[in-house]
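Inspection log for the structure reproduced underneath, given as C-alpha coordinates.
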Amino acid sequence: MPGPARHRARPLAVTACLTVLAVVALVAGACAAYLTTPSHGPGQSGGSVALATPAPSGSGGQPSVGPTPFASFSTASAVPSSGPAGSPGASPTILPPIPPGAVPILYYHRAEAPPPDYPSWSKAKQAAFIDYDVLPVALAAQLDWLVANGYTTILPHDLVSHWNLGTPLPAKPVILTFDDGFHDWVTTILPMLQARGMVAEFYLTLTAIADGNITWSEVQTLASAGQGIGAHDVHHVQLAELGQGRPDASPATMWAEVNGARQTIFSHIGFYPDSMAYVGGGFSPELEAMVKQAGYTSARTIRRGIVQAADEPFELHVVRIGPYDDVTNLMAGTLRPGLPTFVARMHGVSDRPTGG
(Lines give C-alpha, C1' and ligand atoms only; values in the text may rest on other atoms or scores of the structure.)
Protein backbone atom coordinates (compact mmCIF):
# COMPACT_ATOMS: atom_id res chain seq x y z
CA MET A 1 0.00 0.00 0.00
CA PRO A 2 2.12 2.84 -1.33
CA GLY A 3 -0.01 5.73 0.08
CA PRO A 4 0.38 5.08 3.81
CA ALA A 5 4.10 4.32 3.40
CA ARG A 6 4.71 7.77 1.92
CA HIS A 7 2.91 9.43 4.87
CA ARG A 8 5.10 7.59 7.39
CA ALA A 9 8.34 8.71 5.61
CA ARG A 10 7.48 12.43 5.81
CA PRO A 11 7.82 12.77 9.64
CA LEU A 12 11.10 10.89 9.51
CA ALA A 13 12.47 13.28 6.90
CA VAL A 14 11.44 16.32 8.99
CA THR A 15 13.11 14.85 12.07
CA ALA A 16 16.34 14.24 10.16
CA CYS A 17 16.38 17.82 8.87
CA LEU A 18 15.88 19.22 12.37
CA THR A 19 18.69 17.06 13.68
CA VAL A 20 21.07 18.32 10.99
CA LEU A 21 20.12 21.94 11.72
CA ALA A 22 20.77 21.42 15.42
CA VAL A 23 24.22 19.98 14.77
CA VAL A 24 25.07 22.89 12.46
CA ALA A 25 23.96 25.37 15.13
CA LEU A 26 26.13 23.69 17.77
CA VAL A 27 29.18 23.72 15.50
CA ALA A 28 28.61 27.38 14.62
CA GLY A 29 28.33 28.30 18.28
CA ALA A 30 31.53 26.49 19.14
CA CYS A 31 33.38 28.26 16.34
CA ALA A 32 32.09 31.63 17.46
CA ALA A 33 33.16 30.99 21.04
CA TYR A 34 36.64 29.96 19.87
CA LEU A 35 37.08 33.02 17.68
CA THR A 36 36.00 35.46 20.39
CA THR A 37 38.22 33.94 23.10
CA PRO A 38 41.67 35.73 23.37
CA SER A 39 44.58 33.53 22.49
CA HIS A 40 47.51 33.53 24.89
CA GLY A 41 50.81 31.77 24.79
CA PRO A 42 52.37 29.97 27.69
CA GLY A 43 52.69 32.16 30.73
CA GLN A 44 50.49 34.96 29.32
CA SER A 45 47.43 36.24 31.10
CA GLY A 46 44.23 37.38 29.50
CA GLY A 47 44.27 40.88 31.03
CA SER A 48 46.10 43.92 29.64
CA VAL A 49 49.18 45.09 31.53
CA ALA A 50 48.95 48.61 32.95
CA LEU A 51 51.83 50.94 33.70
CA ALA A 52 51.61 54.19 35.58
CA THR A 53 52.12 57.11 33.23
CA PRO A 54 53.25 60.65 34.05
CA ALA A 55 50.57 63.05 35.14
CA PRO A 56 50.15 66.32 33.25
CA SER A 57 52.22 69.27 34.39
CA GLY A 58 50.83 70.92 37.47
CA SER A 59 48.84 67.89 38.62
CA GLY A 60 50.81 67.57 41.83
CA GLY A 61 52.70 64.54 40.61
CA GLN A 62 49.94 61.95 40.97
CA PRO A 63 50.31 59.43 38.16
CA SER A 64 47.49 58.06 36.06
CA VAL A 65 47.35 54.47 34.94
CA GLY A 66 46.88 53.39 31.36
CA PRO A 67 47.75 50.52 29.05
CA THR A 68 51.45 50.07 28.68
CA PRO A 69 53.15 50.12 25.27
CA PHE A 70 55.71 47.61 26.53
CA ALA A 71 53.51 44.51 26.71
CA SER A 72 53.95 43.59 23.05
CA PHE A 73 57.68 42.94 23.43
CA SER A 74 58.89 39.41 24.01
CA THR A 75 61.87 39.07 26.32
CA ALA A 76 62.77 37.55 29.63
CA SER A 77 63.29 40.97 31.24
CA ALA A 78 60.36 42.34 33.18
CA VAL A 79 59.61 44.89 35.87
CA PRO A 80 56.48 45.10 38.03
CA SER A 81 53.79 47.51 36.94
CA SER A 82 52.45 50.01 39.41
CA GLY A 83 48.95 50.82 40.56
CA PRO A 84 47.48 54.29 40.97
CA ALA A 85 49.16 54.83 44.33
CA GLY A 86 52.50 53.60 43.10
CA SER A 87 52.41 50.27 44.91
CA PRO A 88 53.90 47.36 42.96
CA GLY A 89 51.37 45.29 41.06
CA ALA A 90 51.42 41.60 40.33
CA SER A 91 51.48 41.95 36.54
CA PRO A 92 54.92 42.18 34.91
CA THR A 93 55.71 44.80 32.30
CA ILE A 94 57.63 43.10 29.50
CA LEU A 95 60.58 45.07 28.14
CA PRO A 96 62.53 44.79 24.90
CA PRO A 97 66.02 43.34 25.21
CA ILE A 98 68.89 45.84 25.35
CA PRO A 99 70.72 45.64 22.00
CA PRO A 100 74.40 44.66 22.10
CA GLY A 101 76.63 47.72 22.11
CA ALA A 102 73.92 50.08 23.34
CA VAL A 103 75.16 53.34 24.90
CA PRO A 104 72.25 55.17 26.54
CA ILE A 105 72.68 58.94 26.73
CA LEU A 106 70.47 60.28 29.49
CA TYR A 107 69.04 63.73 28.87
CA TYR A 108 68.49 66.04 31.86
CA HIS A 109 68.54 69.76 32.61
CA ARG A 110 68.56 70.44 36.34
CA ALA A 111 67.74 68.80 39.68
CA GLU A 112 65.70 70.91 42.06
CA ALA A 113 62.86 70.13 44.45
CA PRO A 114 59.74 72.29 44.03
CA PRO A 115 59.39 74.98 46.72
CA PRO A 116 56.70 74.64 49.41
CA ASP A 117 54.36 77.09 47.69
CA TYR A 118 54.54 75.24 44.35
CA PRO A 119 50.96 73.86 44.62
CA SER A 120 49.59 77.41 44.79
CA TRP A 121 51.30 78.49 41.57
CA SER A 122 49.46 78.88 38.29
CA LYS A 123 49.58 75.96 35.87
CA ALA A 124 51.82 77.96 33.54
CA LYS A 125 54.27 78.79 36.32
CA GLN A 126 54.33 75.17 37.50
CA ALA A 127 55.01 73.95 33.98
CA ALA A 128 57.82 76.46 33.49
CA PHE A 129 59.49 75.13 36.63
CA ILE A 130 58.90 71.38 36.38
CA ASP A 131 59.01 70.54 32.67
CA TYR A 132 62.82 70.46 32.55
CA ASP A 133 63.42 69.40 36.13
CA VAL A 134 64.10 66.14 37.92
CA LEU A 135 63.66 65.72 41.65
CA PRO A 136 67.02 65.36 43.44
CA VAL A 137 65.71 62.26 45.20
CA ALA A 138 64.73 60.76 41.84
CA LEU A 139 68.11 61.55 40.31
CA ALA A 140 69.90 59.99 43.28
CA ALA A 141 67.78 56.83 42.94
CA GLN A 142 68.48 56.65 39.21
CA LEU A 143 72.22 57.00 39.74
CA ASP A 144 72.09 54.31 42.41
CA TRP A 145 70.23 52.02 40.00
CA LEU A 146 72.94 52.53 37.39
CA VAL A 147 75.65 51.64 39.89
CA ALA A 148 73.74 48.62 41.18
CA ASN A 149 73.20 47.34 37.65
CA GLY A 150 76.82 47.58 36.57
CA TYR A 151 76.78 50.74 34.45
CA THR A 152 79.87 52.96 34.14
CA THR A 153 79.61 56.61 33.11
CA ILE A 154 81.70 57.85 30.20
CA LEU A 155 81.85 61.13 28.28
CA PRO A 156 81.07 61.73 24.60
CA HIS A 157 84.77 61.98 23.76
CA ASP A 158 85.26 58.47 25.21
CA LEU A 159 82.67 57.14 22.77
CA VAL A 160 84.29 58.94 19.84
CA SER A 161 87.72 57.64 20.89
CA HIS A 162 86.28 54.14 20.91
CA TRP A 163 84.95 54.58 17.38
CA ASN A 164 88.01 56.29 15.94
CA LEU A 165 90.87 54.67 17.86
CA GLY A 166 89.43 51.46 19.22
CA THR A 167 89.76 52.60 22.83
CA PRO A 168 87.90 50.03 24.94
CA LEU A 169 84.61 50.94 26.59
CA PRO A 170 83.35 49.52 29.87
CA ALA A 171 80.98 46.58 29.65
CA LYS A 172 77.90 48.74 30.24
CA PRO A 173 78.61 52.37 29.35
CA VAL A 174 76.17 55.22 29.93
CA ILE A 175 76.48 58.96 29.28
CA LEU A 176 74.78 61.50 31.56
CA THR A 177 74.06 64.91 30.03
CA PHE A 178 72.68 68.13 31.51
CA ASP A 179 71.63 71.08 29.33
CA ASP A 180 71.62 74.88 29.68
CA GLY A 181 73.32 75.89 32.95
CA PHE A 182 72.14 76.05 36.56
CA HIS A 183 73.66 76.60 39.99
CA ASP A 184 72.44 73.15 41.06
CA TRP A 185 74.90 71.58 38.62
CA VAL A 186 77.50 72.33 41.30
CA THR A 187 75.45 72.45 44.50
CA THR A 188 73.33 69.33 43.94
CA ILE A 189 74.42 67.24 40.96
CA LEU A 190 78.20 67.36 41.29
CA PRO A 191 78.21 65.98 44.87
CA MET A 192 75.94 63.13 43.74
CA LEU A 193 78.30 62.26 40.90
CA GLN A 194 81.42 62.46 43.04
CA ALA A 195 79.90 60.27 45.75
CA ARG A 196 79.41 57.53 43.15
CA GLY A 197 82.58 58.04 41.10
CA MET A 198 80.59 59.27 38.09
CA VAL A 199 81.08 61.87 35.36
CA ALA A 200 78.62 63.77 33.20
CA GLU A 201 78.65 66.10 30.20
CA PHE A 202 77.30 69.57 31.02
CA TYR A 203 76.15 71.38 27.87
CA LEU A 204 76.46 75.08 28.66
CA THR A 205 74.62 77.87 26.88
CA LEU A 206 76.23 81.27 27.39
CA THR A 207 72.79 82.79 27.97
CA ALA A 208 72.74 80.96 31.31
CA ILE A 209 75.85 82.91 32.34
CA ALA A 210 74.30 86.20 31.21
CA ASP A 211 71.05 85.44 33.05
CA GLY A 212 72.86 84.58 36.29
CA ASN A 213 71.69 80.96 36.34
CA ILE A 214 75.31 79.77 36.65
CA THR A 215 78.71 81.46 36.96
CA TRP A 216 82.03 80.89 35.22
CA SER A 217 83.48 79.99 38.60
CA GLU A 218 80.92 77.18 38.89
CA VAL A 219 81.70 75.99 35.36
CA GLN A 220 85.39 75.96 36.25
CA THR A 221 84.57 73.91 39.36
CA LEU A 222 82.86 71.30 37.18
CA ALA A 223 85.78 71.21 34.76
CA SER A 224 88.34 70.93 37.56
CA ALA A 225 86.38 68.00 38.99
CA GLY A 226 86.83 66.08 35.73
CA GLN A 227 83.33 66.64 34.41
CA GLY A 228 82.75 67.24 30.71
CA ILE A 229 81.88 70.74 29.53
CA GLY A 230 80.03 70.87 26.24
CA ALA A 231 78.52 73.74 24.27
CA HIS A 232 74.83 74.56 23.79
CA ASP A 233 75.06 77.71 21.64
CA VAL A 234 75.65 81.30 22.68
CA HIS A 235 72.04 82.53 22.83
CA HIS A 236 70.14 79.23 23.21
CA VAL A 237 68.44 79.58 19.83
CA GLN A 238 67.33 76.71 17.63
CA LEU A 239 69.23 76.84 14.37
CA ALA A 240 67.56 74.17 12.21
CA GLU A 241 64.34 72.17 11.87
CA LEU A 242 62.28 75.12 13.01
CA GLY A 243 59.02 73.81 11.62
CA GLN A 244 57.08 73.94 8.37
CA GLY A 245 57.58 77.15 6.45
CA ARG A 246 60.37 78.43 8.69
CA PRO A 247 63.85 78.53 7.18
CA ASP A 248 66.95 77.45 9.04
CA ALA A 249 69.21 80.12 10.49
CA SER A 250 71.67 81.71 8.11
CA PRO A 251 75.18 80.23 7.84
CA ALA A 252 76.55 83.34 9.55
CA THR A 253 74.21 82.89 12.52
CA MET A 254 74.99 79.18 12.75
CA TRP A 255 78.71 79.85 12.81
CA ALA A 256 78.40 82.63 15.38
CA GLU A 257 76.46 80.37 17.73
CA VAL A 258 78.45 77.17 17.24
CA ASN A 259 81.97 78.59 17.09
CA GLY A 260 81.28 81.53 19.39
CA ALA A 261 80.23 79.24 22.23
CA ARG A 262 83.28 77.02 21.74
CA GLN A 263 85.76 79.89 21.72
CA THR A 264 84.20 81.62 24.72
CA ILE A 265 84.13 78.45 26.82
CA PHE A 266 87.81 77.87 25.97
CA SER A 267 88.71 81.37 27.10
CA HIS A 268 87.20 80.71 30.53
CA ILE A 269 88.12 77.11 31.34
CA GLY A 270 91.32 76.62 29.33
CA PHE A 271 90.23 73.83 26.98
CA TYR A 272 87.85 73.52 24.08
CA PRO A 273 84.56 71.66 24.42
CA ASP A 274 84.58 68.66 22.10
CA SER A 275 80.83 68.01 22.08
CA MET A 276 77.79 70.18 21.58
CA ALA A 277 74.03 69.77 21.99
CA TYR A 278 71.66 71.17 19.37
CA VAL A 279 69.25 73.66 20.93
CA GLY A 280 65.73 72.32 20.51
CA GLY A 281 67.24 69.20 19.00
CA GLY A 282 67.13 70.73 15.53
CA PHE A 283 69.94 69.92 13.10
CA SER A 284 70.62 69.73 9.38
CA PRO A 285 73.48 68.60 7.11
CA GLU A 286 74.66 72.21 6.91
CA LEU A 287 74.66 72.62 10.68
CA GLU A 288 76.40 69.27 11.20
CA ALA A 289 79.14 70.30 8.77
CA MET A 290 79.61 73.59 10.60
CA VAL A 291 79.81 71.86 13.99
CA LYS A 292 82.51 69.58 12.62
CA GLN A 293 84.36 72.52 11.03
CA ALA A 294 84.38 74.36 14.38
CA GLY A 295 86.32 71.48 15.92
CA TYR A 296 83.71 69.46 17.78
CA THR A 297 83.93 65.68 17.49
CA SER A 298 80.32 64.88 18.43
CA ALA A 299 76.91 66.47 18.80
CA ARG A 300 73.80 65.35 20.64
CA THR A 301 70.27 65.54 19.30
CA ILE A 302 67.08 64.89 21.25
CA ARG A 303 65.99 62.04 19.01
CA ARG A 304 65.18 59.01 21.10
CA GLY A 305 67.20 55.81 21.16
CA ILE A 306 69.88 53.95 23.12
CA VAL A 307 71.98 52.77 20.15
CA GLN A 308 74.58 55.21 18.78
CA ALA A 309 75.99 54.94 15.25
CA ALA A 310 79.72 55.22 14.70
CA ASP A 311 79.15 56.83 11.31
CA GLU A 312 76.85 59.48 12.82
CA PRO A 313 78.79 61.06 15.70
CA PHE A 314 76.94 64.35 15.14
CA GLU A 315 73.54 62.72 15.59
CA LEU A 316 73.74 61.12 19.03
CA HIS A 317 70.38 59.92 20.37
CA VAL A 318 69.04 60.33 23.88
CA VAL A 319 66.92 58.86 26.64
CA ARG A 320 64.67 61.62 27.98
CA ILE A 321 64.22 61.47 31.76
CA GLY A 322 61.03 63.28 32.75
CA PRO A 323 60.13 65.05 35.99
CA TYR A 324 57.28 62.63 36.78
CA ASP A 325 59.11 59.40 35.96
CA ASP A 326 58.46 56.99 38.85
CA VAL A 327 57.32 59.86 41.10
CA THR A 328 54.21 59.02 43.11
CA ASN A 329 54.01 62.34 44.95
CA LEU A 330 55.86 65.37 43.67
CA MET A 331 55.87 67.41 46.87
CA ALA A 332 56.72 64.49 49.16
CA GLY A 333 59.36 63.17 46.76
CA THR A 334 58.17 59.57 46.99
CA LEU A 335 59.09 57.09 44.27
CA ARG A 336 57.85 53.77 42.92
CA PRO A 337 59.89 50.82 44.15
CA GLY A 338 62.21 49.50 41.48
CA LEU A 339 61.92 52.60 39.24
CA PRO A 340 59.95 50.76 36.51
CA THR A 341 59.78 53.76 34.17
CA PHE A 342 63.49 54.45 34.43
CA VAL A 343 64.24 50.77 33.83
CA ALA A 344 62.06 50.89 30.72
CA ARG A 345 63.95 53.95 29.44
CA MET A 346 67.23 52.10 29.90
CA HIS A 347 65.79 49.34 27.73
CA GLY A 348 65.11 51.87 24.98
CA VAL A 349 61.38 52.37 25.57
CA SER A 350 60.82 55.97 24.48
CA ASP A 351 58.79 58.55 26.36
CA ARG A 352 57.32 59.45 22.97
CA PRO A 353 54.63 57.15 21.51
CA THR A 354 56.32 57.20 18.10
CA GLY A 355 59.75 56.65 19.64
CA GLY A 356 61.24 59.52 17.61
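To be explicit about the labels: the chains of the C-alpha coordinates are called A, B, and onward in the order shown, and within each one the residues are counted from 1, while ligands get numbers from 1 in the order they are shown.
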
Using only C-alpha atoms, find each residue of segment 98-204 of chain A with at least one atom at most 12 Å away from an atom of segment 303-318 of chain A; report its shortest atom-to-atom pair and that distance in Å (one decimal), sort the rows by chain and rising residue number, and return the result as CSV.
```
residue,atom,partner,partner_atom,distance
A:Ile98,CA,A:Ile306,CA,8.5
A:Pro99,CA,A:Val307,CA,7.5
A:Pro100,CA,A:Val307,CA,8.7
A:Gly101,CA,A:Val307,CA,7.1
A:Ala102,CA,A:Val307,CA,4.6
A:Val103,CA,A:Ile306,CA,5.6
A:Pro104,CA,A:Ile306,CA,4.3
A:Ile105,CA,A:Val318,CA,4.8
A:Leu106,CA,A:Val318,CA,5.8
A:Tyr107,CA,A:Val318,CA,6.0
A:Tyr108,CA,A:Val318,CA,9.8
A:Pro156,CA,A:Pro313,CA,9.2
A:His157,CA,A:Pro313,CA,10.1
A:Asp158,CA,A:Pro313,CA,11.8
A:Leu159,CA,A:Ala310,CA,8.8
A:Val160,CA,A:Pro313,CA,7.2
A:Ser161,CA,A:Ala310,CA,10.4
A:His162,CA,A:Ala310,CA,9.1
A:Trp163,CA,A:Ala310,CA,5.9
A:Asn164,CA,A:Ala310,CA,8.4
A:Leu165,CA,A:Ala310,CA,11.6
A:Gly166,CA,A:Ala310,CA,11.3
A:Lys172,CA,A:Ile306,CA,11.9
A:Pro173,CA,A:Ile306,CA,10.8
A:Val174,CA,A:Ile306,CA,9.4
A:Ile175,CA,A:Val318,CA,9.3
A:Leu176,CA,A:Val318,CA,9.7
A:Thr177,CA,A:Val318,CA,9.2
A:Phe178,CA,A:Val318,CA,11.5
```

Item checked: Counting only C-alpha atoms, the option among A:Arg345, A:Arg336, A:Lys125, A:His232 closest to Ile321 of chain A ->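 When distances to Ile321 of chain A are compared using only C-alpha atoms, the smallest one comes from A:Arg345.
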
Item checked: Residues of segment 253-282 of chain A in helix (DSSP H, G or I), written as a ChimeraX atom specification -> /A:253-269,279-281

Could you save the residues just selected, with N, CA and C atoms, as a PDB file, in the first residue's frame?
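Output file out.pdb follows:
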```pdb
ATOM      1  N   THR A 253      74.755  83.058  11.175  1.00  0.00           N
ATOM      2  CA  THR A 253      74.212  82.888  12.523  1.00  0.00           C
ATOM      3  C   THR A 253      74.628  81.547  13.105  1.00  0.00           C
ATOM      4  N   MET A 254      74.555  80.497  12.285  1.00  0.00           N
ATOM      5  CA  MET A 254      74.987  79.180  12.746  1.00  0.00           C
ATOM      6  C   MET A 254      76.430  79.222  13.243  1.00  0.00           C
ATOM      7  N   TRP A 255      77.295  79.830  12.443  1.00  0.00           N
ATOM      8  CA  TRP A 255      78.705  79.854  12.812  1.00  0.00           C
ATOM      9  C   TRP A 255      78.934  80.676  14.078  1.00  0.00           C
ATOM     10  N   ALA A 256      78.236  81.787  14.189  1.00  0.00           N
ATOM     11  CA  ALA A 256      78.402  82.632  15.376  1.00  0.00           C
ATOM     12  C   ALA A 256      77.992  81.888  16.641  1.00  0.00           C
ATOM     13  N   GLU A 257      76.930  81.110  16.563  1.00  0.00           N
ATOM     14  CA  GLU A 257      76.455  80.371  17.732  1.00  0.00           C
ATOM     15  C   GLU A 257      77.360  79.179  18.056  1.00  0.00           C
ATOM     16  N   VAL A 258      77.694  78.402  17.035  1.00  0.00           N
ATOM     17  CA  VAL A 258      78.455  77.165  17.236  1.00  0.00           C
ATOM     18  C   VAL A 258      79.905  77.454  17.609  1.00  0.00           C
ATOM     19  N   ASN A 259      80.553  78.290  16.827  1.00  0.00           N
ATOM     20  CA  ASN A 259      81.965  78.591  17.085  1.00  0.00           C
ATOM     21  C   ASN A 259      82.128  79.589  18.221  1.00  0.00           C
ATOM     22  N   GLY A 260      81.197  80.531  18.321  1.00  0.00           N
ATOM     23  CA  GLY A 260      81.281  81.526  19.388  1.00  0.00           C
ATOM     24  C   GLY A 260      81.226  80.890  20.767  1.00  0.00           C
ATOM     25  N   ALA A 261      80.325  79.915  20.938  1.00  0.00           N
ATOM     26  CA  ALA A 261      80.230  79.238  22.234  1.00  0.00           C
ATOM     27  C   ALA A 261      81.515  78.478  22.539  1.00  0.00           C
ATOM     28  N   ARG A 262      82.066  77.816  21.529  1.00  0.00           N
ATOM     29  CA  ARG A 262      83.277  77.019  21.738  1.00  0.00           C
ATOM     30  C   ARG A 262      84.463  77.895  22.145  1.00  0.00           C
ATOM     31  N   GLN A 263      84.630  79.012  21.431  1.00  0.00           N
ATOM     32  CA  GLN A 263      85.761  79.892  21.725  1.00  0.00           C
ATOM     33  C   GLN A 263      85.618  80.550  23.093  1.00  0.00           C
ATOM     34  N   THR A 264      84.416  80.954  23.441  1.00  0.00           N
ATOM     35  CA  THR A 264      84.200  81.624  24.723  1.00  0.00           C
ATOM     36  C   THR A 264      84.417  80.665  25.888  1.00  0.00           C
ATOM     37  N   ILE A 265      83.923  79.440  25.757  1.00  0.00           N
ATOM     38  CA  ILE A 265      84.135  78.452  26.820  1.00  0.00           C
ATOM     39  C   ILE A 265      85.629  78.179  26.994  1.00  0.00           C
ATOM     40  N   PHE A 266      86.353  78.075  25.891  1.00  0.00           N
ATOM     41  CA  PHE A 266      87.807  77.866  25.969  1.00  0.00           C
ATOM     42  C   PHE A 266      88.484  79.001  26.734  1.00  0.00           C
ATOM     43  N   SER A 267      88.057  80.218  26.467  1.00  0.00           N
ATOM     44  CA  SER A 267      88.711  81.368  27.097  1.00  0.00           C
ATOM     45  C   SER A 267      88.510  81.398  28.611  1.00  0.00           C
ATOM     46  N   HIS A 268      87.491  80.686  29.101  1.00  0.00           N
ATOM     47  CA  HIS A 268      87.198  80.713  30.535  1.00  0.00           C
ATOM     48  C   HIS A 268      87.661  79.467  31.280  1.00  0.00           C
ATOM     49  N   ILE A 269      87.744  78.317  30.608  1.00  0.00           N
ATOM     50  CA  ILE A 269      88.120  77.109  31.345  1.00  0.00           C
ATOM     51  C   ILE A 269      89.438  76.513  30.863  1.00  0.00           C
ATOM     52  N   VAL A 279      70.358  73.044  20.211  1.00  0.00           N
ATOM     53  CA  VAL A 279      69.246  73.660  20.931  1.00  0.00           C
ATOM     54  C   VAL A 279      67.935  73.248  20.253  1.00  0.00           C
ATOM     55  N   GLY A 280      66.994  72.788  21.055  1.00  0.00           N
ATOM     56  CA  GLY A 280      65.727  72.324  20.513  1.00  0.00           C
ATOM     57  C   GLY A 280      65.838  71.017  19.760  1.00  0.00           C
ATOM     58  N   GLY A 281      67.032  70.459  19.710  1.00  0.00           N
ATOM     59  CA  GLY A 281      67.244  69.203  19.000  1.00  0.00           C
ATOM     60  C   GLY A 281      67.316  69.330  17.496  1.00  0.00           C
TER      61      GLY A 281
END
```
